[in-house]
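Next up, coords_17.txt (compact mmCIF, C-alpha atoms):
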```txt
# COMPACT_ATOMS: atom_id res chain seq x y z
CA MET A 274 22.17 17.57 0.20
CA ASP A 275 22.44 20.09 3.06
CA ALA A 276 21.98 19.53 6.79
CA LEU A 277 18.63 21.36 6.90
CA LEU A 278 17.11 19.04 4.30
CA LEU A 279 18.43 16.00 6.17
CA LEU A 280 16.88 17.33 9.38
CA GLN A 281 13.54 17.85 7.62
CA MET A 282 13.71 14.30 6.25
CA LEU A 283 14.41 12.95 9.73
CA MET A 284 11.48 14.87 11.25
CA ALA A 285 9.15 13.72 8.47
CA ALA A 286 10.25 10.12 8.98
CA LEU A 287 9.57 10.38 12.72
CA ILE A 288 6.08 11.77 12.08
CA GLY A 289 5.39 8.98 9.58
CA VAL A 290 6.52 6.35 12.07
CA VAL A 291 4.35 7.68 14.91
CA VAL A 292 1.19 8.06 12.82
CA TYR A 293 1.41 4.86 10.80
CA THR A 294 2.52 2.66 13.67
CA ALA A 295 -0.91 3.34 15.17
CA ILE A 296 -2.72 3.11 11.83
CA GLY A 297 -1.12 -0.27 11.13
CA VAL A 298 -2.72 -1.72 14.25
CA ALA A 299 -6.18 -0.47 13.29
CA PRO A 300 -8.09 -3.25 11.50
CA GLY A 301 -9.03 -2.90 7.85
CA THR A 302 -6.83 0.11 7.04
CA ASP A 303 -6.00 -0.41 3.37
CA GLU A 304 -2.53 0.75 2.40
CA THR A 305 -3.69 2.76 -0.61
CA ALA A 306 -6.60 4.45 1.16
CA VAL A 307 -4.59 5.61 4.18
CA LEU A 308 -1.32 6.54 2.46
CA ALA A 309 -2.11 7.82 -1.05
CA PRO A 310 -4.19 10.89 -0.04
CA VAL A 311 -1.65 12.01 2.56
CA THR A 312 1.30 11.64 0.18
CA LEU A 313 -0.64 13.47 -2.51
CA ALA A 314 -1.47 16.33 -0.15
CA LEU A 315 2.18 16.70 0.89
CA VAL A 316 3.38 16.82 -2.72
CA VAL A 317 0.70 19.31 -3.79
CA ALA A 318 1.51 21.46 -0.74
CA GLY A 319 5.04 21.91 -2.08
CA ILE A 320 6.95 19.90 0.54
CA PRO A 321 10.43 18.99 -0.82
CA LEU A 322 10.27 15.62 -2.57
CA PRO A 323 13.11 14.00 -0.56
CA VAL A 324 11.22 14.90 2.61
CA VAL A 325 8.00 13.38 1.28
CA LEU A 326 9.85 10.23 0.20
CA ALA A 327 11.44 9.84 3.66
CA PHE A 328 7.98 10.20 5.22
CA PHE A 329 6.51 7.71 2.75
CA MET A 330 9.17 5.04 3.30
CA ALA A 331 8.96 5.41 7.07
CA ALA A 332 5.17 5.19 6.94
CA ILE A 333 5.01 2.09 4.76
CA VAL A 334 7.68 0.22 6.76
CA ALA A 335 6.07 1.17 10.09
CA LYS A 336 2.62 0.13 8.89
CA LYS A 337 3.88 -3.18 7.54
CA LEU A 338 5.61 -3.88 10.86
CA THR A 339 2.52 -3.26 12.96
CA ASP A 340 -0.29 -4.60 10.79
CA SER A 341 0.81 -8.08 11.91
CA ILE A 342 -0.27 -7.27 15.48
CA PRO A 343 -4.09 -7.41 15.07
CA VAL A 344 -3.65 -10.51 12.89
CA SER A 345 -1.83 -12.39 15.63
CA VAL A 346 -3.65 -11.20 18.74
CA ALA A 347 -7.20 -10.86 17.42
CA GLY A 348 -7.36 -12.65 14.06
CA ILE A 349 -8.24 -9.41 12.26
CA PRO A 350 -6.09 -8.23 9.32
CA GLY A 351 -4.60 -4.78 9.82
CA GLY A 352 -4.64 -4.22 6.06
CA VAL A 353 -5.17 -5.87 2.69
CA MET A 354 -1.64 -7.27 2.56
CA SER A 355 -1.94 -8.97 5.96
CA ALA A 356 -5.20 -10.74 5.10
CA PRO A 357 -3.47 -13.81 3.56
CA MET A 358 -1.60 -14.36 6.83
CA VAL A 359 -4.65 -14.73 9.07
CA GLU A 360 -4.94 -18.51 8.62
CA HIS A 361 -1.33 -19.20 9.58
CA ALA A 362 -1.45 -16.70 12.47
CA MET A 363 -4.56 -18.36 13.88
CA ILE A 364 -2.78 -21.73 13.85
CA LEU A 365 -0.04 -20.32 16.08
CA LYS A 366 -2.62 -18.59 18.26
CA ARG A 367 -4.51 -21.85 18.82
CA GLU A 368 -1.20 -23.50 19.76
CA GLY A 369 -0.55 -20.75 22.32
CA HIS A 370 2.10 -18.88 20.32
CA ALA A 371 0.41 -15.57 19.47
CA THR A 372 3.39 -13.51 20.61
CA MET A 373 5.77 -15.72 18.69
CA ALA A 374 3.69 -15.09 15.55
CA ILE A 375 4.11 -11.33 16.00
CA ARG A 376 7.87 -11.68 16.45
CA LYS A 377 8.23 -13.95 13.44
CA MET A 378 6.19 -11.63 11.21
CA ALA A 379 7.92 -8.45 12.41
CA SER A 380 11.33 -10.07 11.97
CA GLY A 381 10.35 -11.13 8.45
CA SER A 382 9.43 -7.51 7.74
CA VAL A 383 12.84 -6.35 8.91
CA ILE A 384 14.63 -8.82 6.64
CA GLY A 385 12.36 -7.86 3.74
CA THR A 386 13.26 -4.20 4.21
CA LEU A 387 16.99 -4.82 4.63
CA VAL A 388 17.10 -6.95 1.49
CA ALA A 389 14.71 -4.95 -0.68
CA ILE A 390 16.44 -1.55 -0.52
CA PRO A 391 19.86 -2.60 -1.90
CA VAL A 392 18.32 -5.07 -4.37
CA SER A 393 15.86 -2.42 -5.60
CA LEU A 394 18.55 0.22 -6.01
CA LEU A 395 20.71 -2.26 -7.92
CA LEU A 396 17.82 -3.22 -10.21
CA ALA A 397 17.00 0.46 -10.69
CA PHE A 398 20.57 1.18 -11.75
CA LEU A 399 20.45 -1.67 -14.28
CA LEU A 400 17.04 -0.65 -15.67
CA THR A 401 17.77 3.07 -16.01
CA PRO A 402 18.69 2.86 -19.75
CA LEU A 403 15.14 1.68 -20.48
CA ALA A 404 13.49 4.81 -19.08
CA ASP A 405 13.41 6.86 -22.31
CA VAL A 406 12.06 3.98 -24.37
CA LEU A 407 9.33 3.12 -21.85
CA SER A 408 8.19 6.72 -21.48
CA GLN A 409 7.42 6.92 -25.22
CA TYR A 410 4.91 4.08 -24.93
CA ALA A 411 3.58 4.80 -21.43
CA SER A 412 -0.13 4.63 -22.31
CA GLN A 413 0.23 1.34 -24.18
CA ILE A 414 2.29 -0.08 -21.31
CA PHE A 415 -0.42 0.86 -18.81
CA PHE A 416 -3.06 -0.80 -20.99
CA VAL A 417 -0.99 -3.99 -21.24
CA GLY A 418 -0.38 -3.76 -17.49
CA ALA A 419 -4.10 -3.54 -16.81
CA ILE A 420 -4.69 -6.66 -18.93
CA PHE A 421 -1.82 -8.48 -17.19
CA LEU A 422 -3.13 -7.69 -13.70
CA ALA A 423 -6.65 -8.62 -14.77
CA LEU A 424 -5.44 -12.01 -15.97
CA MET A 425 -3.54 -12.49 -12.70
CA SER A 426 -6.62 -11.77 -10.59
CA ARG A 427 -9.19 -14.26 -9.37
CA GLU A 428 -12.09 -12.68 -11.31
CA LYS A 429 -10.48 -12.50 -14.74
CA VAL A 430 -13.56 -11.93 -16.94
CA ILE A 431 -15.09 -9.01 -15.05
CA SER A 432 -11.61 -7.49 -14.59
CA LEU A 433 -11.04 -7.50 -18.34
CA ILE A 434 -14.51 -6.10 -19.07
CA SER A 435 -14.05 -3.38 -16.44
CA ILE A 436 -11.03 -1.93 -18.28
CA VAL A 437 -13.22 -0.65 -21.13
CA ILE A 438 -16.13 0.35 -18.87
CA LEU A 439 -13.99 2.29 -16.43
CA ALA A 440 -11.99 3.98 -19.20
CA ALA A 441 -15.23 5.11 -20.85
CA LEU A 442 -16.55 6.54 -17.57
CA ILE A 443 -13.31 8.40 -16.85
CA GLN A 444 -13.18 10.02 -20.28
CA ALA A 445 -16.91 10.82 -20.16
CA LEU A 446 -16.43 12.67 -16.87
CA ARG A 447 -13.49 14.61 -18.29
CA HIS A 448 -15.52 15.73 -21.30
CA PHE A 449 -18.42 16.59 -19.00
CA TYR A 450 -16.13 18.87 -16.99
CA TRP A 451 -14.93 20.57 -20.19
CA GLY A 452 -18.47 20.96 -21.48
CA MET A 453 -19.66 22.48 -18.18
CA GLY A 454 -16.73 24.88 -18.13
CA VAL A 455 -15.52 23.57 -14.79
CA ILE A 456 -11.96 23.41 -16.10
CA PRO A 457 -10.35 24.77 -19.29
CA GLN A 458 -10.69 22.68 -22.44
CA GLY A 459 -7.84 20.17 -22.67
CA GLN A 460 -6.80 20.37 -19.01
CA VAL A 461 -6.70 16.85 -17.59
CA VAL A 462 -8.34 16.12 -14.25
CA PHE A 463 -6.41 13.39 -12.49
CA ILE A 464 -6.36 13.84 -8.72
CA SER A 465 -10.15 13.62 -8.35
CA PHE A 466 -10.36 10.39 -10.33
CA PHE A 467 -7.41 8.83 -8.54
CA LEU A 468 -8.97 9.59 -5.17
CA GLY A 469 -12.35 8.33 -6.35
CA ILE A 470 -10.87 4.91 -7.10
CA THR A 471 -8.91 4.99 -3.83
CA ILE A 472 -11.95 5.45 -1.59
CA GLY A 473 -14.28 3.41 -3.82
CA PRO A 474 -14.81 0.47 -1.43
CA MET A 475 -15.49 2.79 1.51
CA ILE A 476 -17.99 4.92 -0.44
CA PHE A 477 -19.76 1.82 -1.76
CA ASN A 478 -20.09 0.42 1.77
CA LEU A 479 -21.52 3.71 3.01
CA ALA A 480 -24.00 3.77 0.11
CA GLN A 481 -25.14 0.27 1.04
CA LEU A 482 -26.15 1.55 4.47
CA THR A 483 -28.80 3.74 2.82
CA VAL A 484 -30.56 0.64 1.43
CA ARG A 485 -32.89 -0.91 3.99
CA GLU A 486 -32.34 -4.54 3.00
CA GLU A 487 -28.55 -4.16 2.90
CA ARG A 488 -28.58 -2.35 6.24
CA GLN A 489 -30.61 -5.14 7.83
CA LYS A 490 -28.13 -7.73 6.56
CA MET A 491 -25.30 -5.85 8.25
CA ALA A 492 -27.11 -5.50 11.57
CA THR A 493 -25.86 -7.61 14.48
CA GLY A 494 -27.63 -8.56 17.66
CA GLU A 495 -24.74 -7.70 19.96
CA PRO A 496 -21.33 -6.06 19.78
CA LYS A 497 -18.50 -8.17 18.42
CA THR A 498 -16.20 -9.57 21.08
CA ILE A 499 -12.47 -9.54 20.38
CA LYS A 500 -10.23 -11.56 22.70
CA ILE A 501 -6.69 -10.33 23.07
CA TYR A 502 -4.50 -12.81 24.92
CA ALA A 503 -1.52 -11.97 27.08
CA ALA A 504 2.03 -12.69 26.00
CA ASP A 505 3.00 -16.35 26.06
CA ASP A 506 6.69 -15.88 26.81
CA SER A 507 9.13 -13.37 28.22
CA ASP A 508 11.81 -11.26 26.60
CA ASP A 509 14.81 -9.28 27.75
CA LYS A 510 13.53 -5.76 27.20
CA SER A 511 16.90 -4.20 27.94
CA ARG A 512 18.33 -5.43 24.61
CA PHE A 513 17.41 -4.48 21.05
CA PRO A 514 15.66 -7.48 19.47
CA ASN A 515 17.64 -9.28 16.78
CA PRO A 516 15.51 -10.68 13.92
CA PHE A 517 18.19 -13.26 13.12
CA HIS A 518 17.90 -14.61 16.67
CA ILE A 519 14.12 -14.65 16.64
CA LEU A 520 13.99 -16.51 13.32
CA THR A 521 15.61 -19.89 12.84
CA ARG A 522 18.33 -20.19 10.22
CA GLN A 523 15.91 -21.85 7.80
CA GLU A 524 13.29 -19.13 8.35
CA ALA A 525 15.87 -16.39 7.81
CA VAL A 526 17.05 -18.01 4.57
CA SER A 527 13.46 -18.40 3.32
CA ALA A 528 12.66 -14.80 4.24
CA THR A 529 15.76 -13.55 2.44
CA ALA A 530 15.04 -15.59 -0.69
CA SER A 531 11.41 -14.44 -0.66
CA SER A 532 12.53 -10.82 -0.34
CA VAL A 533 14.79 -11.08 -3.38
CA LEU A 534 12.03 -12.69 -5.44
CA GLY A 535 9.50 -10.16 -4.20
CA SER A 536 11.81 -7.33 -5.29
CA VAL A 537 12.45 -8.79 -8.74
CA THR A 538 8.71 -9.30 -9.32
CA PHE A 539 7.89 -5.70 -8.31
CA PHE A 540 5.55 -5.30 -11.30
CA MET A 541 3.24 -8.13 -10.17
CA SER A 542 0.39 -8.08 -7.64
CA PRO A 543 1.89 -7.91 -4.10
CA VAL A 544 -0.99 -9.98 -2.68
CA GLY A 545 -0.61 -12.69 -5.31
CA ILE A 546 3.16 -13.00 -5.01
CA THR A 547 2.87 -12.99 -1.19
CA ILE A 548 0.46 -15.91 -1.15
CA PHE A 549 2.46 -17.81 -3.77
CA LEU A 550 5.89 -17.47 -2.13
CA GLY A 551 4.50 -18.05 1.37
CA GLU A 552 3.02 -21.37 0.33
CA VAL A 553 6.11 -22.38 -1.66
CA MET A 554 8.54 -21.61 1.17
CA SER A 555 6.49 -23.57 3.72
CA SER A 556 5.39 -26.44 1.48
CA TRP A 557 8.19 -28.82 2.49
CA VAL A 558 8.15 -27.94 6.22
CA LYS A 559 6.75 -30.59 8.58
CA GLY A 560 4.95 -29.77 11.81
CA THR A 561 2.03 -27.40 12.24
CA VAL A 562 3.82 -24.70 14.23
CA GLU A 563 6.99 -24.83 12.14
CA LYS A 564 5.05 -24.65 8.88
CA ALA A 565 2.97 -21.67 10.03
CA SER A 566 6.08 -19.87 11.33
CA ARG A 567 7.92 -20.38 8.06
CA ALA A 568 4.95 -19.14 6.04
CA LEU A 569 4.42 -16.03 8.19
CA SER A 570 8.05 -14.92 8.22
CA SER A 571 8.36 -15.46 4.46
CA MET A 572 5.08 -13.72 3.61
CA ASP A 573 5.82 -10.67 5.74
CA ALA A 574 9.25 -10.40 4.13
CA VAL A 575 7.65 -10.50 0.67
CA THR A 576 5.11 -7.79 1.46
CA ASN A 577 7.80 -5.35 2.57
CA ALA A 578 10.10 -6.21 -0.31
CA ALA A 579 7.33 -5.96 -2.93
CA TYR A 580 6.18 -2.59 -1.61
CA ILE A 581 9.66 -1.08 -1.34
CA ALA A 582 10.80 -2.37 -4.74
CA GLY A 583 7.47 -1.36 -6.25
CA ILE A 584 8.11 2.29 -5.45
CA LEU A 585 11.92 2.51 -5.65
CA ILE A 586 12.50 0.87 -9.04
CA PRO A 587 9.92 2.90 -11.02
CA LEU A 588 10.94 6.06 -9.16
CA ALA A 589 14.71 5.72 -9.52
CA ALA A 590 14.89 4.04 -12.93
CA LEU A 591 11.75 4.24 -15.07
CA GLY A 592 9.92 7.50 -14.40
CA ILE A 593 6.47 5.94 -14.84
CA PRO A 594 4.44 4.01 -12.22
CA MET A 595 4.91 0.49 -13.58
CA SER A 596 3.89 -1.43 -10.46
CA PRO A 597 0.78 -1.76 -8.28
CA MET A 598 2.65 0.01 -5.47
CA ALA A 599 3.78 2.93 -7.63
CA ILE A 600 0.41 3.36 -9.28
CA GLY A 601 -1.43 3.08 -5.95
CA PRO A 602 -0.01 4.39 -2.65
CA GLY A 603 3.06 5.95 -4.32
CA ASN A 604 1.30 7.51 -7.28
CA ALA A 605 1.80 11.07 -6.03
CA PHE A 606 5.51 10.84 -6.87
CA PHE A 607 4.65 10.35 -10.54
CA ASN A 608 1.50 12.38 -11.14
CA ALA A 609 0.28 15.12 -8.82
CA PRO A 610 -0.91 18.02 -11.02
CA PRO A 611 0.03 20.80 -11.14
CA VAL A 612 3.21 20.04 -9.19
CA LEU A 613 4.17 16.77 -10.89
CA THR A 614 3.18 15.19 -14.19
CA LEU A 615 4.11 12.01 -16.02
CA GLU A 616 6.53 14.06 -18.15
CA GLN A 617 8.13 15.88 -15.18
CA ASN A 618 7.87 13.97 -11.91
CA ALA A 619 9.99 12.96 -8.92
CA HIS A 620 12.09 10.70 -11.14
CA HIS A 621 13.25 13.73 -13.11
CA LEU A 622 13.51 16.15 -10.16
CA MET A 623 15.39 13.92 -7.69
CA SER A 624 18.86 12.47 -8.17
CA PHE A 625 19.59 8.79 -7.64
CA GLY A 626 21.50 9.72 -4.48
CA GLU A 627 18.59 11.72 -3.05
CA ILE A 628 16.21 8.83 -3.66
CA ALA A 629 18.62 6.39 -2.00
CA VAL A 630 19.31 8.58 1.03
CA ALA A 631 15.63 9.42 1.62
CA SER A 632 14.62 5.76 1.33
CA ILE A 633 17.35 4.48 3.61
CA LEU A 634 16.71 7.20 6.19
CA GLY A 635 12.95 6.68 6.25
CA ALA A 636 13.16 2.90 6.40
CA GLY A 637 15.96 3.01 8.98
CA VAL A 638 14.02 5.27 11.35
CA ALA A 639 10.97 3.01 11.08
CA LEU A 640 12.98 -0.13 11.80
CA LEU A 641 14.80 1.38 14.78
CA ILE A 642 11.61 2.66 16.42
CA THR A 643 8.73 0.45 15.35
CA TYR A 644 10.40 -2.98 15.29
CA PRO A 645 11.30 -3.17 19.02
CA ILE A 646 7.92 -1.68 19.92
CA ALA A 647 6.07 -4.24 17.80
CA VAL A 648 8.06 -7.12 19.26
CA ARG A 649 7.82 -6.10 22.92
CA TYR A 650 4.58 -4.17 23.33
CA ALA A 651 2.29 -5.67 20.68
CA ARG A 652 -0.56 -6.54 23.03
CA HIS A 653 -0.50 -3.18 24.83
CA ILE A 654 -0.58 -1.28 21.54
CA CYS A 655 -3.43 -3.42 20.25
CA VAL A 656 -5.52 -2.94 23.40
CA PHE A 657 -4.97 0.83 23.34
CA VAL A 658 -5.88 1.26 19.68
CA PHE A 659 -8.91 -1.03 19.87
CA GLN A 660 -10.26 0.66 23.01
CA ARG A 661 -9.22 4.30 22.61
CA ILE A 662 -8.98 5.10 18.90
CA PRO A 663 -12.20 4.59 16.89
CA HIS A 664 -11.71 3.05 13.47
CA GLU A 665 -14.15 5.62 12.15
CA ALA A 666 -11.79 8.43 13.19
CA PHE A 667 -9.14 7.19 10.76
CA LEU A 668 -11.65 6.83 7.95
CA ALA A 669 -13.21 10.26 8.57
CA MET A 670 -9.79 11.92 8.53
CA PHE A 671 -8.85 10.42 5.17
CA PHE A 672 -12.30 11.00 3.71
CA SER A 673 -12.16 14.70 4.60
CA LEU A 674 -8.72 14.93 3.00
CA VAL A 675 -10.06 13.35 -0.19
CA VAL A 676 -12.94 15.85 -0.33
CA LEU A 677 -10.51 18.75 0.11
CA LEU A 678 -8.18 17.58 -2.66
CA ALA A 679 -11.09 16.87 -5.02
CA TYR A 680 -12.44 20.40 -4.44
CA MET A 681 -9.00 21.87 -5.17
CA ASP A 682 -8.91 19.87 -8.39
CA ALA A 683 -12.31 20.76 -9.88
CA GLY A 684 -14.49 22.47 -7.30
CA VAL A 685 -17.88 21.09 -6.34
CA MET A 686 -18.11 19.16 -9.59
CA GLY A 687 -14.83 17.51 -8.64
CA ILE A 688 -16.42 16.20 -5.44
CA LEU A 689 -19.44 14.93 -7.39
CA GLY A 690 -17.13 13.29 -9.91
CA VAL A 691 -15.32 11.53 -7.08
CA ALA A 692 -18.66 10.26 -5.73
CA VAL A 693 -19.73 8.87 -9.12
CA LEU A 694 -16.41 7.23 -9.88
CA ALA A 695 -16.07 5.94 -6.32
CA LEU A 696 -19.42 4.14 -6.47
CA VAL A 697 -18.49 2.41 -9.73
CA ALA A 698 -14.95 1.63 -8.55
CA GLY A 699 -16.27 0.32 -5.24
CA LEU A 700 -18.75 -1.97 -6.99
CA LEU A 701 -16.02 -3.28 -9.29
CA ASN A 702 -13.77 -3.82 -6.28
CA ARG A 703 -16.57 -5.79 -4.61
CA TRP A 704 -16.79 -7.96 -7.72
CA GLY A 705 -13.07 -8.73 -7.59
CA VAL A 706 -11.50 -6.00 -9.77
CA ASN A 707 -8.41 -4.99 -7.82
CA TYR A 708 -6.84 -1.56 -7.39
CA GLY A 709 -4.03 -2.34 -9.84
CA VAL A 710 -6.40 -2.91 -12.76
CA GLN A 711 -8.37 0.24 -11.97
CA PHE A 712 -5.34 2.52 -11.60
CA MET A 713 -3.71 1.18 -14.76
CA THR A 714 -6.98 1.87 -16.59
CA LEU A 715 -7.01 5.43 -15.25
CA TYR A 716 -3.67 6.08 -16.95
CA ALA A 717 -4.56 4.24 -20.17
CA ALA A 718 -8.07 5.71 -20.55
CA PRO A 719 -7.26 8.61 -22.97
CA TRP A 720 -5.24 6.41 -25.32
CA LEU A 721 -7.69 3.48 -25.11
CA MET A 722 -10.79 5.58 -25.85
CA GLY A 723 -8.98 7.39 -28.64
CA TRP A 724 -7.95 4.08 -30.17
CA LEU A 725 -11.48 2.63 -29.91
CA ALA A 726 -12.96 5.79 -31.42
```
As structure tokens, what does this structure read like?
Amino acid sequence: MDALLLLQMLMAALIGVVVYTAIGVAPGTDETAVLAPVTLALVVAGIPLPVVLAFFMAAIVAKKLTDSIPVSVAGIPGGVMSAPMVEHAMILKREGHATMAIRKMASGSVIGTLVAIPVSLLLAFLLTPLADVLSQYASQIFFVGAIFLALMSREKVISLISIVILAALIQALRHFYWGMGVIPQGQVVFISFFLGITIGPMIFNLAQLTVREERQKMATGEPKTIKIYAADDSDDKSRFPNPFHILTRQEAVSATASSVLGSVTFFMSPVGITIFLGEVMSSWVKGTVEKASRALSSMDAVTNAAYIAGILIPLAALGIPMSPMAIGPGNAFFNAPPVLTLEQNAHHLMSFGEIAVASILGAGVALLITYPIAVRYARHICVFVFQRIPHEAFLAMFFSLVVLLAYMDAGVMGILGVAVLALVAGLLNRWGVNYGVQFMTLYAAPWLMGWLA
């Protein structure tokens, strides 16, 4: 690995940190929707894969560090993964410890990152011999994975039913493209369908605005007021914050244990395992503030660990996206036609050392820059983003990127295909069918429809 590539990786990591530190503060920015299209665009553009991976790791760590800020200061989740933490964060806020909540959560994220990278690389090394066997049965594994995630979700019945419905729609659209001559017979459209599922909830919400009754239900009499309180304690800003000083010994141990478990269970739903481990680690703690602090630090550690392990283990060891993280935000590393395919992806084109160096560099840059900023200037960042950066600007940027990539994939019909699939995927998401089930179905659709036929 030469010095020029390392410099490019460093620059990409810095860009990822700057952009996604701000995005993490913006409320409601789903990890898949804001990260998957950008990563896909970088891969398709021909950017070296180690550079893209450094950007990706820096972005995900920076976003996970800062999406705790709107939770603690305003009671609004910065993303899907921070939603389970709102209740505990509001307990600390009511007790006058909003800033402490931010520090506990950010410190938990740091521990989760520090633990997850070596544990993930070790697990990847141990699982590498299974790669060839798993690749032979990839479609069947994705189908079983879709069923597993459906059974793990809250709405089990509709999630199971949606597997067949969504697979039928995906294959029908592919055959429609072939019949219309949009793409050559046998060429598989993937990017458009992946992006359609990614932006499904957003498209469905926009479609609802065109219905008078739905629009009236969403109308409010006055603008929503968000109170952002000042810091409740002081800190020595001349020193780099130490997560092991901010967390108590018990909180640090719980966060470490949660990170290990979150890494080992990389194939499970990150939201589900976060809620489960957060409640388990805080179940025997007495005292309202202590219990909430333990839960927040443990849950934030799990989210980082589950995300990092979810991309590193499939990428370094398996070669197929066998986790919600890999099949969602990190999918571009496994399937980004025509640059990458399931048979020849980043797992095959990058060495174990390149994956390790890019991951460590990206995560390290994010921790060194974003962690002290999140701990010291949380309120200032939140006020700036809420007042100066419209939420709609983020959404419009990613929506335009999706339209561009869909057009590159299959022209105007690709954009229409995205709209159709997005409406269905958004409705299913509203009914409780999570991203993991839908993405697994996308991969399993050809085999499943062929088997049913």
Exercise for review: Name the residues within 7 Å of (1.3, -15.5, 4.4), counting only C-alpha atoms in the file's coordinates, and put them as a list in words.
Suggested key: Pro357, Met358, His361, Thr547, Ile548, Gly551, Ala568, Leu569, Met572 and Asp573 of chain A
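Among the candidate residues A:Ala605, A:Val290, A:Leu550, A:Ala318, the one lying nearest to Thr305 in chain A is A:Ala605, with distances computed using all atoms listed in the file.
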Exercise for review: May I ask for the distance between CA of Ser570 in chain A and CA of Ile333 in chain A, given in Å to one decimal place?
Suggested key: 17.6 Å
Check your understanding: So which residues touch Ala445 in chain A within 12 Å, counting only C-alpha atoms, skipping near sequence neighbours fewer than 2 positions away, as a list in words?
Key -> Ile438, Leu439, Ala440, Ala441, Leu442, Ile443, Arg447, His448, Phe449, Tyr450, Trp451, Gly452, Val462, Phe466, Gly690, Val693, Leu694, Ala718, Pro719 and Met722 of chain A
Point to revise | Selected residue of minimal separation from Ala590 in chain A among A:Glu428, A:Glu495, A:Asp405, A:Glu627, counting all atoms listed in the file | key: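 The closest residue to Ala590 in chain A is A:Asp405.
Minimum distance to Phe540 in chain A across A:Ala528, A:Leu696, A:Met425, A:Ile320 (counting all atoms listed in the file) occurs at A:Met425.
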Practice item. Write out as a ChimeraX atom specification the residues lying within 10 Å of Ile646 in chain A, counting all atoms listed in the file and excluding same-chain residues fewer than 4 positions away. Key: /A:294,338-339,513-514,640-642,650-651,653-654
**Study point:** Nearest to Arg427 in chain A, chosen from A:Asn515, A:Ser571, A:Ser345, A:Asn707, with only C-alpha atoms counted in the distances
**Key:**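 Of A:Asn515, A:Ser571, A:Ser345, A:Asn707, the one nearest Arg427 in chain A is A:Asn707, counting only C-alpha atoms.
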Practice item. Kindly give the distance, in Å, that separates CA of Ala578 in chain A and CA of Met595 in chain A, rounded to a single decimal. Key: 15.7 Å
Practice item. Determine the nearest neighbour of Gly289 in chain A from the options A:Ala636, A:Ala609, A:Ala379, A:Ala525, counting only C-alpha atoms. Key: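 Closest to Gly289 in chain A of all the choices is A:Ala636.
With all atoms listed in the file as the basis for measurement, A:Leu615 is the residue among A:Val676, A:Val430, A:Leu615, A:Val575 that approaches Leu407 in chain A most closely.
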Practice item. Have a look at CA of Leu279 in chain A and CA of Tyr293 in chain A and let me know their distance in Å, one decimal. Key: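 Answer for the CA of Leu279 in chain A to CA of Tyr293 in chain A separation: 20.9 Å.
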Exercise for review: For Trp720 in chain A, please output as number ranges by chain all residues within 9 Å (counting all atoms listed in the file; exclusion window: fewer than 6 positions along the same chain).
Suggested key: A: 412-413, 416
Reconstruct N, CA and C atoms of range 593-604 of chain A; output as a short mmCIF file (atom, residue, chain, number, x, y, z; two decimals), keeping the file's coordinate frame.
```cif
data_model
loop_
_atom_site.label_atom_id
_atom_site.label_comp_id
_atom_site.auth_asym_id
_atom_site.auth_seq_id
_atom_site.Cartn_x
_atom_site.Cartn_y
_atom_site.Cartn_z
N ILE A 593 7.91 6.16 -14.72
CA ILE A 593 6.47 5.94 -14.84
C ILE A 593 6.07 4.88 -13.82
N PRO A 594 4.86 4.95 -13.28
CA PRO A 594 4.44 4.01 -12.22
C PRO A 594 4.09 2.63 -12.76
N MET A 595 5.10 1.81 -12.96
CA MET A 595 4.91 0.49 -13.58
C MET A 595 4.80 -0.63 -12.55
N SER A 596 4.13 -0.38 -11.45
CA SER A 596 3.89 -1.43 -10.46
C SER A 596 2.64 -1.07 -9.67
N PRO A 597 1.97 -2.06 -9.09
CA PRO A 597 0.78 -1.76 -8.28
C PRO A 597 1.08 -0.79 -7.14
N MET A 598 2.26 -0.89 -6.56
CA MET A 598 2.65 0.01 -5.47
C MET A 598 2.82 1.44 -5.97
N ALA A 599 3.53 1.59 -7.09
CA ALA A 599 3.78 2.93 -7.63
C ALA A 599 2.51 3.57 -8.16
N ILE A 600 1.63 2.79 -8.70
CA ILE A 600 0.41 3.36 -9.28
C ILE A 600 -0.69 3.51 -8.23
N GLY A 601 -0.46 2.96 -7.04
CA GLY A 601 -1.43 3.08 -5.95
C GLY A 601 -0.96 4.03 -4.88
N PRO A 602 -0.43 3.51 -3.75
CA PRO A 602 -0.01 4.39 -2.65
C PRO A 602 1.06 5.41 -3.04
N GLY A 603 1.98 5.04 -3.96
CA GLY A 603 3.06 5.95 -4.32
C GLY A 603 2.82 6.77 -5.55
N ASN A 604 1.59 6.83 -6.02
CA ASN A 604 1.30 7.51 -7.28
C ASN A 604 1.64 8.99 -7.27
#
```
